[in-house]
>>> print(open('query-v2.cif').read())   # mmCIF, C-alpha atoms and all ligand atoms
data_upload
#
loop_
_atom_site.group_PDB
_atom_site.id
_atom_site.type_symbol
_atom_site.label_atom_id
_atom_site.label_comp_id
_atom_site.auth_asym_id
_atom_site.auth_seq_id
_atom_site.Cartn_x
_atom_site.Cartn_y
_atom_site.Cartn_z
ATOM 1 C CA MET X 185 9.467 -123.172 -117.240
ATOM 2 C CA LYS X 186 8.513 -121.312 -114.107
ATOM 3 C CA ILE X 187 11.224 -121.776 -111.486
ATOM 4 C CA GLU X 188 9.017 -121.262 -108.465
ATOM 5 C CA GLY X 189 8.129 -124.529 -106.774
ATOM 6 C CA GLN X 190 10.309 -126.717 -109.008
ATOM 7 C CA ALA X 191 12.852 -129.175 -107.668
ATOM 8 C CA ALA X 192 16.313 -128.277 -108.960
ATOM 9 C CA LEU X 193 19.736 -129.941 -108.816
ATOM 10 C CA VAL X 194 22.960 -127.954 -108.909
ATOM 11 C CA THR X 195 26.253 -129.810 -109.253
ATOM 12 C CA GLY X 196 29.222 -127.855 -107.965
ATOM 13 C CA GLY X 197 26.634 -125.993 -105.893
ATOM 14 C CA ALA X 198 28.986 -125.639 -102.933
ATOM 15 C CA SER X 199 31.236 -122.993 -104.509
ATOM 16 C CA GLY X 200 31.650 -120.304 -107.136
ATOM 17 C CA LEU X 201 29.296 -120.297 -110.132
ATOM 18 C CA GLY X 202 27.324 -123.288 -108.873
ATOM 19 C CA GLU X 203 26.822 -121.723 -105.454
ATOM 20 C CA ALA X 204 25.564 -118.487 -107.031
ATOM 21 C CA THR X 205 23.184 -120.515 -109.197
ATOM 22 C CA ALA X 206 21.881 -122.474 -106.223
ATOM 23 C CA ARG X 207 21.274 -119.227 -104.342
ATOM 24 C CA GLU X 208 19.489 -117.593 -107.288
ATOM 25 C CA LEU X 209 17.273 -120.629 -107.873
ATOM 26 C CA ALA X 210 16.321 -120.630 -104.192
ATOM 27 C CA ARG X 211 15.626 -116.887 -104.306
ATOM 28 C CA LEU X 212 13.273 -117.523 -107.212
ATOM 29 C CA GLY X 213 11.416 -120.169 -105.237
ATOM 30 C CA ALA X 214 12.964 -123.447 -106.378
ATOM 31 C CA LYS X 215 13.591 -126.345 -104.012
ATOM 32 C CA VAL X 216 17.338 -126.748 -104.419
ATOM 33 C CA ALA X 217 19.586 -129.767 -103.946
ATOM 34 C CA VAL X 218 23.280 -128.893 -103.713
ATOM 35 C CA LEU X 219 25.259 -131.754 -105.276
ATOM 36 C CA ASP X 220 28.959 -131.507 -104.545
ATOM 37 C CA ARG X 221 31.845 -133.629 -103.377
ATOM 38 C CA ASN X 222 32.736 -130.981 -100.786
ATOM 39 C CA ALA X 223 30.495 -132.076 -97.907
ATOM 40 C CA GLU X 224 31.230 -129.168 -95.600
ATOM 41 C CA LEU X 225 30.578 -126.383 -98.113
ATOM 42 C CA ALA X 226 27.580 -128.180 -99.628
ATOM 43 C CA ALA X 227 25.982 -128.398 -96.169
ATOM 44 C CA LYS X 228 26.710 -124.718 -95.507
ATOM 45 C CA VAL X 229 25.178 -123.483 -98.771
ATOM 46 C CA ALA X 230 22.194 -125.839 -98.511
ATOM 47 C CA SER X 231 21.387 -124.731 -94.975
ATOM 48 C CA GLU X 232 21.641 -121.054 -95.935
ATOM 49 C CA ILE X 233 19.171 -121.426 -98.806
ATOM 50 C CA GLY X 234 16.779 -123.900 -97.186
ATOM 51 C CA GLY X 235 17.887 -126.634 -99.578
ATOM 52 C CA VAL X 236 19.312 -130.096 -99.174
ATOM 53 C CA ALA X 237 22.976 -131.097 -99.438
ATOM 54 C CA CYS X 238 23.648 -134.256 -101.439
ATOM 55 C CA VAL X 239 27.307 -135.201 -101.317
ATOM 56 C CA CYS X 240 28.415 -137.058 -104.429
ATOM 57 C CA ASP X 241 31.094 -137.441 -107.046
ATOM 58 C CA ILE X 242 29.548 -136.772 -110.449
ATOM 59 C CA THR X 243 31.799 -139.421 -112.033
ATOM 60 C CA ASP X 244 30.494 -142.158 -109.735
ATOM 61 C CA THR X 245 27.098 -143.528 -110.779
ATOM 62 C CA ASP X 246 26.262 -145.095 -107.402
ATOM 63 C CA SER X 247 27.018 -141.907 -105.533
ATOM 64 C CA VAL X 248 25.021 -139.809 -108.040
ATOM 65 C CA ASN X 249 22.020 -142.145 -107.800
ATOM 66 C CA ALA X 250 22.184 -141.966 -104.004
ATOM 67 C CA ALA X 251 22.290 -138.165 -104.225
ATOM 68 C CA LEU X 252 19.342 -138.106 -106.638
ATOM 69 C CA ASP X 253 17.390 -140.419 -104.306
ATOM 70 C CA LYS X 254 18.078 -138.102 -101.372
ATOM 71 C CA ALA X 255 17.094 -134.995 -103.352
ATOM 72 C CA GLU X 256 13.951 -136.723 -104.621
ATOM 73 C CA ALA X 257 12.898 -137.799 -101.118
ATOM 74 C CA ALA X 258 13.171 -134.187 -99.975
ATOM 75 C CA HIS X 259 11.771 -132.306 -102.989
ATOM 76 C CA GLY X 260 10.294 -134.738 -105.525
ATOM 77 C CA THR X 261 11.834 -135.515 -108.931
ATOM 78 C CA ALA X 262 13.805 -132.587 -110.324
ATOM 79 C CA ARG X 263 12.858 -130.843 -113.564
ATOM 80 C CA ILE X 264 15.955 -128.616 -113.494
ATOM 81 C CA LEU X 265 19.593 -129.738 -113.622
ATOM 82 C CA MET X 266 22.409 -127.196 -113.513
ATOM 83 C CA ASN X 267 25.674 -129.017 -114.316
ATOM 84 C CA VAL X 268 28.291 -126.637 -112.955
ATOM 85 C CA ALA X 269 30.846 -128.881 -111.204
ATOM 86 C CA GLY X 270 34.210 -128.948 -112.903
ATOM 87 C CA ILE X 271 37.938 -128.629 -112.413
ATOM 88 C CA GLY X 272 40.654 -126.680 -114.181
ATOM 89 C CA SER X 273 44.071 -127.800 -115.341
ATOM 90 C CA ALA X 274 47.145 -126.503 -117.103
ATOM 91 C CA LYS X 275 49.823 -128.858 -118.392
ATOM 92 C CA ARG X 276 52.063 -128.529 -121.418
ATOM 93 C CA ILE X 277 51.990 -131.591 -123.663
ATOM 94 C CA VAL X 278 55.791 -131.682 -123.648
ATOM 95 C CA GLY X 279 57.075 -130.456 -120.289
ATOM 96 C CA LYS X 280 60.040 -128.111 -119.749
ATOM 97 C CA ASP X 281 62.013 -131.250 -118.839
ATOM 98 C CA GLY X 282 61.252 -132.711 -122.275
ATOM 99 C CA ASN X 283 58.978 -135.417 -120.880
ATOM 100 C CA PRO X 284 55.476 -136.062 -122.200
ATOM 101 C CA ALA X 285 52.631 -134.817 -120.013
ATOM 102 C CA PRO X 286 51.280 -137.561 -117.721
ATOM 103 C CA LEU X 287 48.275 -139.165 -119.421
ATOM 104 C CA GLU X 288 46.496 -139.502 -116.049
ATOM 105 C CA ASP X 289 46.106 -135.716 -115.866
ATOM 106 C CA PHE X 290 44.282 -135.586 -119.190
ATOM 107 C CA VAL X 291 42.087 -138.541 -118.232
ATOM 108 C CA ARG X 292 41.201 -137.012 -114.842
ATOM 109 C CA VAL X 293 40.057 -133.689 -116.303
ATOM 110 C CA VAL X 294 38.032 -135.261 -119.121
ATOM 111 C CA ASN X 295 36.556 -137.746 -116.672
ATOM 112 C CA ILE X 296 35.230 -135.080 -114.312
ATOM 113 C CA ASN X 297 34.301 -132.273 -116.701
ATOM 114 C CA LEU X 298 32.956 -134.225 -119.673
ATOM 115 C CA ILE X 299 32.119 -137.764 -118.582
ATOM 116 C CA GLY X 300 30.874 -136.553 -115.182
ATOM 117 C CA GLY X 301 28.595 -134.065 -116.959
ATOM 118 C CA TYR X 302 27.246 -136.768 -119.252
ATOM 119 C CA ASN X 303 26.744 -139.095 -116.296
ATOM 120 C CA MET X 304 24.671 -136.494 -114.465
ATOM 121 C CA ALA X 305 22.700 -135.700 -117.607
ATOM 122 C CA ARG X 306 21.731 -139.287 -118.364
ATOM 123 C CA LEU X 307 20.749 -140.134 -114.770
ATOM 124 C CA PHE X 308 18.736 -136.908 -114.424
ATOM 125 C CA ALA X 309 17.061 -137.253 -117.828
ATOM 126 C CA ALA X 310 15.873 -140.817 -117.237
ATOM 127 C CA ARG X 311 14.093 -139.723 -114.049
ATOM 128 C CA CYS X 312 12.782 -136.446 -115.476
ATOM 129 C CA ALA X 313 11.407 -138.185 -118.586
ATOM 130 C CA LYS X 314 9.066 -140.206 -116.371
ATOM 131 C CA LEU X 315 7.422 -137.055 -115.001
ATOM 132 C CA PRO X 316 4.150 -135.839 -116.489
ATOM 133 C CA ALA X 317 4.534 -132.870 -118.816
ATOM 134 C CA LEU X 318 3.700 -129.452 -117.411
ATOM 135 C CA ASP X 319 0.291 -128.472 -118.605
ATOM 136 C CA SER X 320 -0.214 -124.752 -118.319
ATOM 137 C CA GLY X 321 0.432 -121.738 -120.550
ATOM 138 C CA ASP X 322 3.619 -121.564 -122.624
ATOM 139 C CA GLU X 323 5.118 -124.383 -120.571
ATOM 140 C CA LYS X 324 2.566 -126.839 -121.886
ATOM 141 C CA GLY X 325 4.245 -130.102 -122.766
ATOM 142 C CA GLU X 326 7.609 -129.313 -121.208
ATOM 143 C CA LYS X 327 9.166 -131.753 -118.744
ATOM 144 C CA GLY X 328 12.578 -130.425 -117.850
ATOM 145 C CA VAL X 329 15.642 -128.402 -118.670
ATOM 146 C CA MET X 330 19.352 -128.836 -118.110
ATOM 147 C CA LEU X 331 22.415 -126.713 -118.468
ATOM 148 C CA PHE X 332 26.086 -127.553 -118.939
ATOM 149 C CA THR X 333 28.921 -125.265 -117.979
ATOM 150 C CA ALA X 334 31.619 -125.196 -120.636
ATOM 151 C CA SER X 335 34.184 -122.384 -120.936
ATOM 152 C CA VAL X 336 35.505 -120.029 -123.560
ATOM 153 C CA ALA X 337 38.460 -122.440 -123.489
ATOM 154 C CA ALA X 338 36.241 -124.750 -125.545
ATOM 155 C CA PHE X 339 36.879 -122.314 -128.420
ATOM 156 C CA ASP X 340 40.098 -120.434 -127.626
ATOM 157 C CA GLY X 341 42.016 -122.576 -125.180
ATOM 158 C CA GLN X 342 45.441 -121.369 -124.110
ATOM 159 C CA VAL X 343 48.833 -123.034 -124.020
ATOM 160 C CA GLY X 344 48.612 -126.011 -121.660
ATOM 161 C CA GLN X 345 44.812 -126.240 -121.783
ATOM 162 C CA GLN X 346 44.468 -129.321 -124.013
ATOM 163 C CA ALA X 347 42.689 -131.393 -121.375
ATOM 164 C CA TYR X 348 40.478 -128.573 -120.125
ATOM 165 C CA SER X 349 39.590 -127.420 -123.651
ATOM 166 C CA ALA X 350 38.929 -130.982 -124.794
ATOM 167 C CA SER X 351 36.599 -131.547 -121.840
ATOM 168 C CA LYS X 352 34.722 -128.283 -122.362
ATOM 169 C CA GLY X 353 34.686 -128.691 -126.146
ATOM 170 C CA GLY X 354 33.116 -132.087 -125.543
ATOM 171 C CA LEU X 355 30.262 -130.445 -123.637
ATOM 172 C CA VAL X 356 29.800 -127.967 -126.489
ATOM 173 C CA GLY X 357 29.719 -130.768 -129.044
ATOM 174 C CA MET X 358 27.264 -132.780 -126.974
ATOM 175 C CA THR X 359 24.734 -129.972 -126.517
ATOM 176 C CA LEU X 360 22.882 -130.168 -129.843
ATOM 177 C CA PRO X 361 22.700 -133.956 -130.144
ATOM 178 C CA MET X 362 21.507 -134.185 -126.556
ATOM 179 C CA ALA X 363 18.837 -131.535 -127.168
ATOM 180 C CA ARG X 364 17.729 -133.433 -130.284
ATOM 181 C CA ASP X 365 17.742 -136.727 -128.415
ATOM 182 C CA LEU X 366 15.797 -135.381 -125.431
ATOM 183 C CA ALA X 367 13.280 -133.480 -127.563
ATOM 184 C CA GLN X 368 11.135 -136.620 -127.558
ATOM 185 C CA HIS X 369 11.062 -136.350 -123.760
ATOM 186 C CA ALA X 370 10.395 -132.591 -123.792
ATOM 187 C CA ILE X 371 13.656 -131.794 -121.979
ATOM 188 C CA ARG X 372 15.715 -128.812 -123.191
ATOM 189 C CA VAL X 373 19.517 -128.669 -123.074
ATOM 190 C CA CYS X 374 21.713 -125.557 -123.225
ATOM 191 C CA THR X 375 25.339 -124.801 -122.451
ATOM 192 C CA VAL X 376 26.916 -121.644 -121.076
ATOM 193 C CA ALA X 377 30.557 -120.915 -121.893
ATOM 194 C CA PRO X 378 31.803 -118.447 -119.267
ATOM 195 C CA GLY X 379 34.836 -116.211 -119.741
ATOM 196 C CA LEU X 380 36.667 -115.050 -116.608
ATOM 197 C CA PHE X 381 34.602 -115.025 -113.437
ATOM 198 C CA ALA X 382 35.367 -113.899 -109.900
ATOM 199 C CA THR X 383 35.166 -117.280 -108.178
ATOM 200 C CA PRO X 384 37.515 -118.626 -105.467
ATOM 201 C CA LEU X 385 39.835 -119.986 -108.157
ATOM 202 C CA LEU X 386 40.561 -116.563 -109.691
ATOM 203 C CA LEU X 387 40.225 -114.579 -106.470
ATOM 204 C CA GLU X 388 43.158 -116.550 -105.035
ATOM 205 C CA LEU X 389 45.468 -115.135 -107.721
ATOM 206 C CA PRO X 390 47.605 -112.071 -106.859
ATOM 207 C CA GLU X 391 45.661 -108.824 -107.310
ATOM 208 C CA ALA X 392 47.950 -107.672 -110.120
ATOM 209 C CA VAL X 393 47.157 -110.841 -112.077
ATOM 210 C CA GLN X 394 43.420 -110.374 -111.449
ATOM 211 C CA HIS X 395 43.665 -106.801 -112.768
ATOM 212 C CA SER X 396 45.522 -107.823 -115.897
ATOM 213 C CA LEU X 397 42.977 -110.590 -116.559
ATOM 214 C CA ALA X 398 40.127 -108.119 -116.062
ATOM 215 C CA ALA X 399 41.792 -105.602 -118.378
ATOM 216 C CA SER X 400 41.913 -108.207 -121.150
ATOM 217 C CA ILE X 401 38.100 -108.206 -121.328
ATOM 218 C CA PRO X 402 36.856 -105.696 -123.955
ATOM 219 C CA PHE X 403 33.725 -104.630 -122.089
ATOM 220 C CA PRO X 404 33.058 -104.513 -119.264
ATOM 221 C CA PRO X 405 36.774 -104.682 -118.298
ATOM 222 C CA ARG X 406 36.206 -106.586 -115.089
ATOM 223 C CA LEU X 407 35.785 -110.195 -114.026
ATOM 224 C CA GLY X 408 32.290 -111.596 -114.453
ATOM 225 C CA LYS X 409 30.178 -111.808 -111.332
ATOM 226 C CA PRO X 410 28.909 -115.273 -110.358
ATOM 227 C CA SER X 411 25.464 -113.655 -110.039
ATOM 228 C CA GLU X 412 25.609 -112.832 -113.789
ATOM 229 C CA PHE X 413 26.195 -116.486 -114.576
ATOM 230 C CA ALA X 414 23.344 -117.446 -112.242
ATOM 231 C CA GLU X 415 20.971 -114.973 -113.941
ATOM 232 C CA LEU X 416 21.688 -116.486 -117.354
ATOM 233 C CA ALA X 417 21.330 -120.013 -115.993
ATOM 234 C CA CYS X 418 17.905 -119.132 -114.601
ATOM 235 C CA HIS X 419 16.900 -117.331 -117.809
ATOM 236 C CA ILE X 420 17.607 -120.530 -119.729
ATOM 237 C CA VAL X 421 15.104 -122.274 -117.471
ATOM 238 C CA THR X 422 12.384 -119.684 -117.980
ATOM 239 C CA ASN X 423 12.841 -119.121 -121.742
ATOM 240 C CA GLY X 424 11.074 -122.079 -123.311
ATOM 241 C CA HIS X 425 12.477 -121.511 -126.794
ATOM 242 C CA LEU X 426 16.151 -121.694 -125.813
ATOM 243 C CA ASN X 427 17.350 -125.181 -126.717
ATOM 244 C CA GLY X 428 20.409 -126.879 -128.185
ATOM 245 C CA GLU X 429 22.410 -123.651 -127.931
ATOM 246 C CA VAL X 430 25.815 -122.700 -126.521
ATOM 247 C CA ILE X 431 25.975 -119.165 -125.122
ATOM 248 C CA ARG X 432 29.270 -117.393 -124.452
ATOM 249 C CA LEU X 433 29.116 -115.151 -121.377
ATOM 250 C CA ASP X 434 32.426 -113.334 -121.602
ATOM 251 C CA GLY X 435 32.280 -109.552 -122.233
ATOM 252 C CA ALA X 436 33.550 -110.232 -125.799
ATOM 253 C CA LEU X 437 36.753 -111.821 -124.449
ATOM 254 C CA ARG X 438 38.827 -113.938 -126.846
ATOM 255 C CA MET X 439 41.661 -115.602 -124.955
ATOM 256 C CA ALA X 440 45.204 -115.021 -126.226
ATOM 257 C CA PRO X 441 47.469 -118.046 -126.792
ATOM 258 C CA ARG X 442 49.040 -117.547 -123.362
HETATM 259 N N1 LIG I 501 35.467 -119.256 -112.745
HETATM 260 C C1 LIG I 501 35.647 -119.063 -114.034
HETATM 261 O O1 LIG I 501 36.174 -118.037 -114.463
HETATM 262 C C2 LIG I 501 35.189 -120.113 -115.031
HETATM 263 C C3 LIG I 501 35.340 -119.826 -116.382
HETATM 264 C C4 LIG I 501 34.910 -120.772 -117.318
HETATM 265 C C5 LIG I 501 34.327 -121.949 -116.893
HETATM 266 N N2 LIG I 501 34.210 -122.203 -115.571
HETATM 267 C C6 LIG I 501 33.575 -123.475 -115.196
HETATM 268 O O2 LIG I 501 32.539 -123.227 -114.261
HETATM 269 C C7 LIG I 501 32.421 -124.311 -113.367
HETATM 270 C C8 LIG I 501 32.492 -123.794 -111.945
HETATM 271 O O3 LIG I 501 33.731 -123.145 -111.751
HETATM 272 P P1 LIG I 501 34.032 -122.319 -110.419
HETATM 273 O O4 LIG I 501 35.033 -121.292 -110.780
HETATM 274 O O5 LIG I 501 32.765 -121.943 -109.769
HETATM 275 O O6 LIG I 501 34.816 -123.448 -109.574
HETATM 276 P P2 LIG I 501 34.793 -123.809 -108.023
HETATM 277 O O7 LIG I 501 36.038 -124.604 -107.803
HETATM 278 O O8 LIG I 501 34.544 -122.593 -107.184
HETATM 279 O O9 LIG I 501 33.518 -124.778 -107.886
HETATM 280 C C9 LIG I 501 33.500 -126.054 -108.469
HETATM 281 C C10 LIG I 501 32.744 -126.994 -107.545
HETATM 282 O O10 LIG I 501 32.655 -128.267 -108.202
HETATM 283 C C11 LIG I 501 32.860 -129.274 -107.237
HETATM 284 N N3 LIG I 501 33.329 -130.487 -107.896
HETATM 285 C C12 LIG I 501 34.483 -130.641 -108.604
HETATM 286 N N4 LIG I 501 34.598 -131.899 -109.040
HETATM 287 C C13 LIG I 501 33.497 -132.570 -108.613
HETATM 288 C C14 LIG I 501 33.047 -133.909 -108.746
HETATM 289 N N5 LIG I 501 33.765 -134.847 -109.372
HETATM 290 N N6 LIG I 501 31.851 -134.243 -108.172
HETATM 291 C C15 LIG I 501 31.125 -133.326 -107.489
HETATM 292 N N7 LIG I 501 31.520 -132.042 -107.328
HETATM 293 C C16 LIG I 501 32.686 -131.662 -107.877
HETATM 294 C C17 LIG I 501 33.885 -128.691 -106.277
HETATM 295 O O11 LIG I 501 33.886 -129.353 -105.027
HETATM 296 C C18 LIG I 501 33.445 -127.229 -106.202
HETATM 297 O O12 LIG I 501 32.542 -127.011 -105.140
HETATM 298 C C19 LIG I 501 33.544 -125.302 -113.729
HETATM 299 O O13 LIG I 501 32.986 -126.297 -114.560
HETATM 300 C C20 LIG I 501 34.524 -124.431 -114.483
HETATM 301 O O14 LIG I 501 35.282 -125.188 -115.402
HETATM 302 C C21 LIG I 501 34.616 -121.318 -114.623
#
>>> encode(input="query-v2.cif", output="structure tokens", more="lines below")
Ligand SMILES: NC(=O)c1ccc[n+]([C@@H]2O[C@H](COP(=O)([O-])OP(=O)(O)OC[C@H]3O[C@@H](n4cnc5c(N)ncnc54)[C@H](O)[C@@H]3O)[C@@H](O)[C@H]2O)c1
Amino acid sequence: MKIEGQAALVTGGASGLGEATARELARLGAKVAVLDRNAELAAKVASEIGGVACVCDITDTDSVNAALDKAEAAHGTARILMNVAGIGSAKRIVGKDGNPAPLEDFVRVVNINLIGGYNMARLFAARCAKLPALDSGDEKGEKGVMLFTASVAAFDGQVGQQAYSASKGGLVGMTLPMARDLAQHAIRVCTVAPGLFATPLLLELPEAVQHSLAASIPFPPRLGKPSEFAELACHIVTNGHLNGEVIRLDGALRMAPR
């Protein structure tokens, strides 16, 4: 699908990988809606890229529908959904004090990363499916495309990452059945599993820790750039044969147990 002129939604578009994706989509000519629960940063990014900020919580159906209505009023119904919003977590299942990990922590992470992603996908897909198919060139017949953002922790999660890995593994597991399901509506679904990227989360760590994380990546031995994630996200949109696939973007990194 050609990106130019399309309406696109980016969850988590106010920061990090989502922000880079929103900026790249706008650079390539998309009309971008920045969906994020951080109102201030969403407004900043949206105004810088000529897009629209739609404040929402991806786990809350009413707030997502209101955000989709706002985006649609500004740009028309979106054919592109970049699901990038997510949170991290680290909690041992049996704490140092011998107590079990609080169940609420596990529920919170799965609720945002996995159920929030599914919620966005279903609400986007129902609207996108009603659009007419594109009717030119290689894009003939296509209606839309969406991306999920998993993590290498879906495959090699570290000590304490049960909730995070479960949530990201859920996105990985959902990718193929969703692509199969949405094939009848001509909507493609892919997932990117990033390794270690230089986003606010990692850049807040002490420099020594950043260096040792970077050195653990076989090649190139540096943190991934958000722009590299954004380039892959946009390639998934333009490459009409990519569907139902999970792509690691990690410099051949395999995380150690801790
Ligand atoms: N940075 C990395 O190295 C890395 C590696 C693997 C996977 N990831 C995944 O990439 C995604 C983006 O990570 P990042 O590093 O850019 O993080 P980030 O914290 O910079 O950005 C995440 C954005 O998501 C938003 N968000 C969180 N929960 C939300 C909710 N319920 N509703 C709406 N918006 C919400 C936040 O407000 C924030 O703007 C996450 O899903 C993360 O798990 C990141």
>>> resolve_selection(input="query-v2.cif", expression="the PyMOL selection byres (((not hetatm)) within 7 of (chain I and resi 501))", output="MDAnalysis selection string")
chainID X and resid 195:202 219:222 240:243 268:272 296:297 300 333:336 377:386
>>> atom_distance(input="query-v2.cif", atom1="CA of Asn283 (chain X)", atom2="CA of Gln342 (chain X)")
19.8 Å
>>> atom_distance(input="query-v2.cif", atom1="CA of Cys374 (chain X)", atom2="CA of Ile299 (chain X)")
16.7 Å
>>> residues_around(input="query-v2.cif", residues="Ser396 (chain X)", least_positions_apart="4", cutoff="10 Å", atoms="all atoms listed in the file", output="PyMOL selection string")
chain X and resi 391-392+400-401+405-406
>>> atom_distance(input="query-v2.cif", atom1="CA of Leu315 (chain X)", atom2="CA of Met330 (chain X)")
14.8 Å
>>> resolve_selection(input="query-v2.cif", expression="the PyMOL selection byres (((chain X and resi 339) around 10) and not hetatm)", output="list in words")
Ala334, Ser335, Val336, Ala337, Ala338, Asp340, Gly341, Gln342, Ser349, Ala350, Lys352, Gly353, Val356, Ala377, Arg432, Arg438 and Met439 of chain X
>>> write_last_selection(input="query-v2.cif", atoms="C-alpha atoms", output="tab-separated table (two decimals), in the frame of the given file")
chain	number	residue	atom	x	y	z
X	334	ALA	CA	31.62	-125.20	-120.64
X	335	SER	CA	34.18	-122.38	-120.94
X	336	VAL	CA	35.51	-120.03	-123.56
X	337	ALA	CA	38.46	-122.44	-123.49
X	338	ALA	CA	36.24	-124.75	-125.54
X	340	ASP	CA	40.10	-120.43	-127.63
X	341	GLY	CA	42.02	-122.58	-125.18
X	342	GLN	CA	45.44	-121.37	-124.11
X	349	SER	CA	39.59	-127.42	-123.65
X	350	ALA	CA	38.93	-130.98	-124.79
X	352	LYS	CA	34.72	-128.28	-122.36
X	353	GLY	CA	34.69	-128.69	-126.15
X	356	VAL	CA	29.80	-127.97	-126.49
X	377	ALA	CA	30.56	-120.92	-121.89
X	432	ARG	CA	29.27	-117.39	-124.45
X	438	ARG	CA	38.83	-113.94	-126.85
X	439	MET	CA	41.66	-115.60	-124.96
>>> closest_residue(input="query-v2.cif", among="X:Asp246, X:Glu323, X:Glu388, X:Asp281", to="Asn303 (chain X)", atoms="all atoms listed in the file")
X:Asp246
>>> resolve_selection(input="query-v2.cif", expression="the PyMOL selection byres (((chain X and resi 419) around 12) and not hetatm)", output="ChimeraX atom specification")
/X:185-187,205,208-209,212,329-331,374,376,412-418,420-427,431
>>> write_last_selection(input="query-v2.cif", atoms="C-alpha atoms", output="CSV table (one decimal), in the frame of the given file")
chain,number,residue,atom,x,y,z
X,185,MET,CA,9.5,-123.2,-117.2
X,186,LYS,CA,8.5,-121.3,-114.1
X,187,ILE,CA,11.2,-121.8,-111.5
X,205,THR,CA,23.2,-120.5,-109.2
X,208,GLU,CA,19.5,-117.6,-107.3
X,209,LEU,CA,17.3,-120.6,-107.9
X,212,LEU,CA,13.3,-117.5,-107.2
X,329,VAL,CA,15.6,-128.4,-118.7
X,330,MET,CA,19.4,-128.8,-118.1
X,331,LEU,CA,22.4,-126.7,-118.5
X,374,CYS,CA,21.7,-125.6,-123.2
X,376,VAL,CA,26.9,-121.6,-121.1
X,412,GLU,CA,25.6,-112.8,-113.8
X,413,PHE,CA,26.2,-116.5,-114.6
X,414,ALA,CA,23.3,-117.4,-112.2
X,415,GLU,CA,21.0,-115.0,-113.9
X,416,LEU,CA,21.7,-116.5,-117.4
X,417,ALA,CA,21.3,-120.0,-116.0
X,418,CYS,CA,17.9,-119.1,-114.6
X,420,ILE,CA,17.6,-120.5,-119.7
X,421,VAL,CA,15.1,-122.3,-117.5
X,422,THR,CA,12.4,-119.7,-118.0
X,423,ASN,CA,12.8,-119.1,-121.7
X,424,GLY,CA,11.1,-122.1,-123.3
X,425,HIS,CA,12.5,-121.5,-126.8
X,426,LEU,CA,16.2,-121.7,-125.8
X,427,ASN,CA,17.4,-125.2,-126.7
X,431,ILE,CA,26.0,-119.2,-125.1
>>> closest_residue(input="query-v2.cif", among="X:Lys280, X:Lys327, X:Lys275, X:Arg207", to="Gln190 (chain X)", atoms="only C-alpha atoms")
X:Lys327
>>> residues_around(input="query-v2.cif", residues="Gly213 (chain X)", least_positions_apart="2", cutoff="7 Å", atoms="only C-alpha atoms", output="JSON, numbers by chain")
{"X": [187, 188, 189, 209, 210, 211, 215]}
>>> write_last_selection(input="query-v2.cif", atoms="C-alpha atoms", output="mmCIF file, in the coordinates of the input")
data_model
loop_
_atom_site.group_PDB
_atom_site.id
_atom_site.type_symbol
_atom_site.label_atom_id
_atom_site.label_comp_id
_atom_site.auth_asym_id
_atom_site.auth_seq_id
_atom_site.Cartn_x
_atom_site.Cartn_y
_atom_site.Cartn_z
ATOM 1 C CA ILE X 187 11.224 -121.776 -111.486
ATOM 2 C CA GLU X 188 9.017 -121.262 -108.465
ATOM 3 C CA GLY X 189 8.129 -124.529 -106.774
ATOM 4 C CA LEU X 209 17.273 -120.629 -107.873
ATOM 5 C CA ALA X 210 16.321 -120.630 -104.192
ATOM 6 C CA ARG X 211 15.626 -116.887 -104.306
ATOM 7 C CA LYS X 215 13.591 -126.345 -104.012
#
>>> residues_near_point(input="query-v2.cif", point="(26.3, -134.0, -122.7)", cutoff="7 Å", atoms="only C-alpha atoms", output="list in words")
Gly301, Tyr302, Ala305, Leu355, Met358, Thr359 and Met362 of chain X
>>> closest_residue(input="query-v2.cif", among="X:Ala257, X:Cys238, X:Ala436, X:Val248", to="Leu225 (chain X)", atoms="only C-alpha atoms")
X:Cys238
>>> residues_around(input="query-v2.cif", residues="Pro286 (chain X)", least_positions_apart="5", cutoff="10 Å", atoms="all atoms listed in the file", output="number ranges by chain")
X: 275-279, 291
>>> closest_residue(input="query-v2.cif", among="X:Ser320, X:Gln368, X:Gln394, X:Asn295", to="Leu407 (chain X)", atoms="only C-alpha atoms")
X:Gln394
>>> closest_residue(input="query-v2.cif", among="X:Arg306, X:Arg292, X:Arg372, X:Lys228", to="Gly328 (chain X)", atoms="all atoms listed in the file")
X:Arg372
>>> axis_aligned_box(input="query-v2.cif", around="region 290-307 of chain X", padding_each_side="3 Å", output="JSON")
{"center_x": 32.5, "center_y": -136.2, "center_z": -117.0, "size_x": 29.5, "size_y": 13.9, "size_z": 11.4}
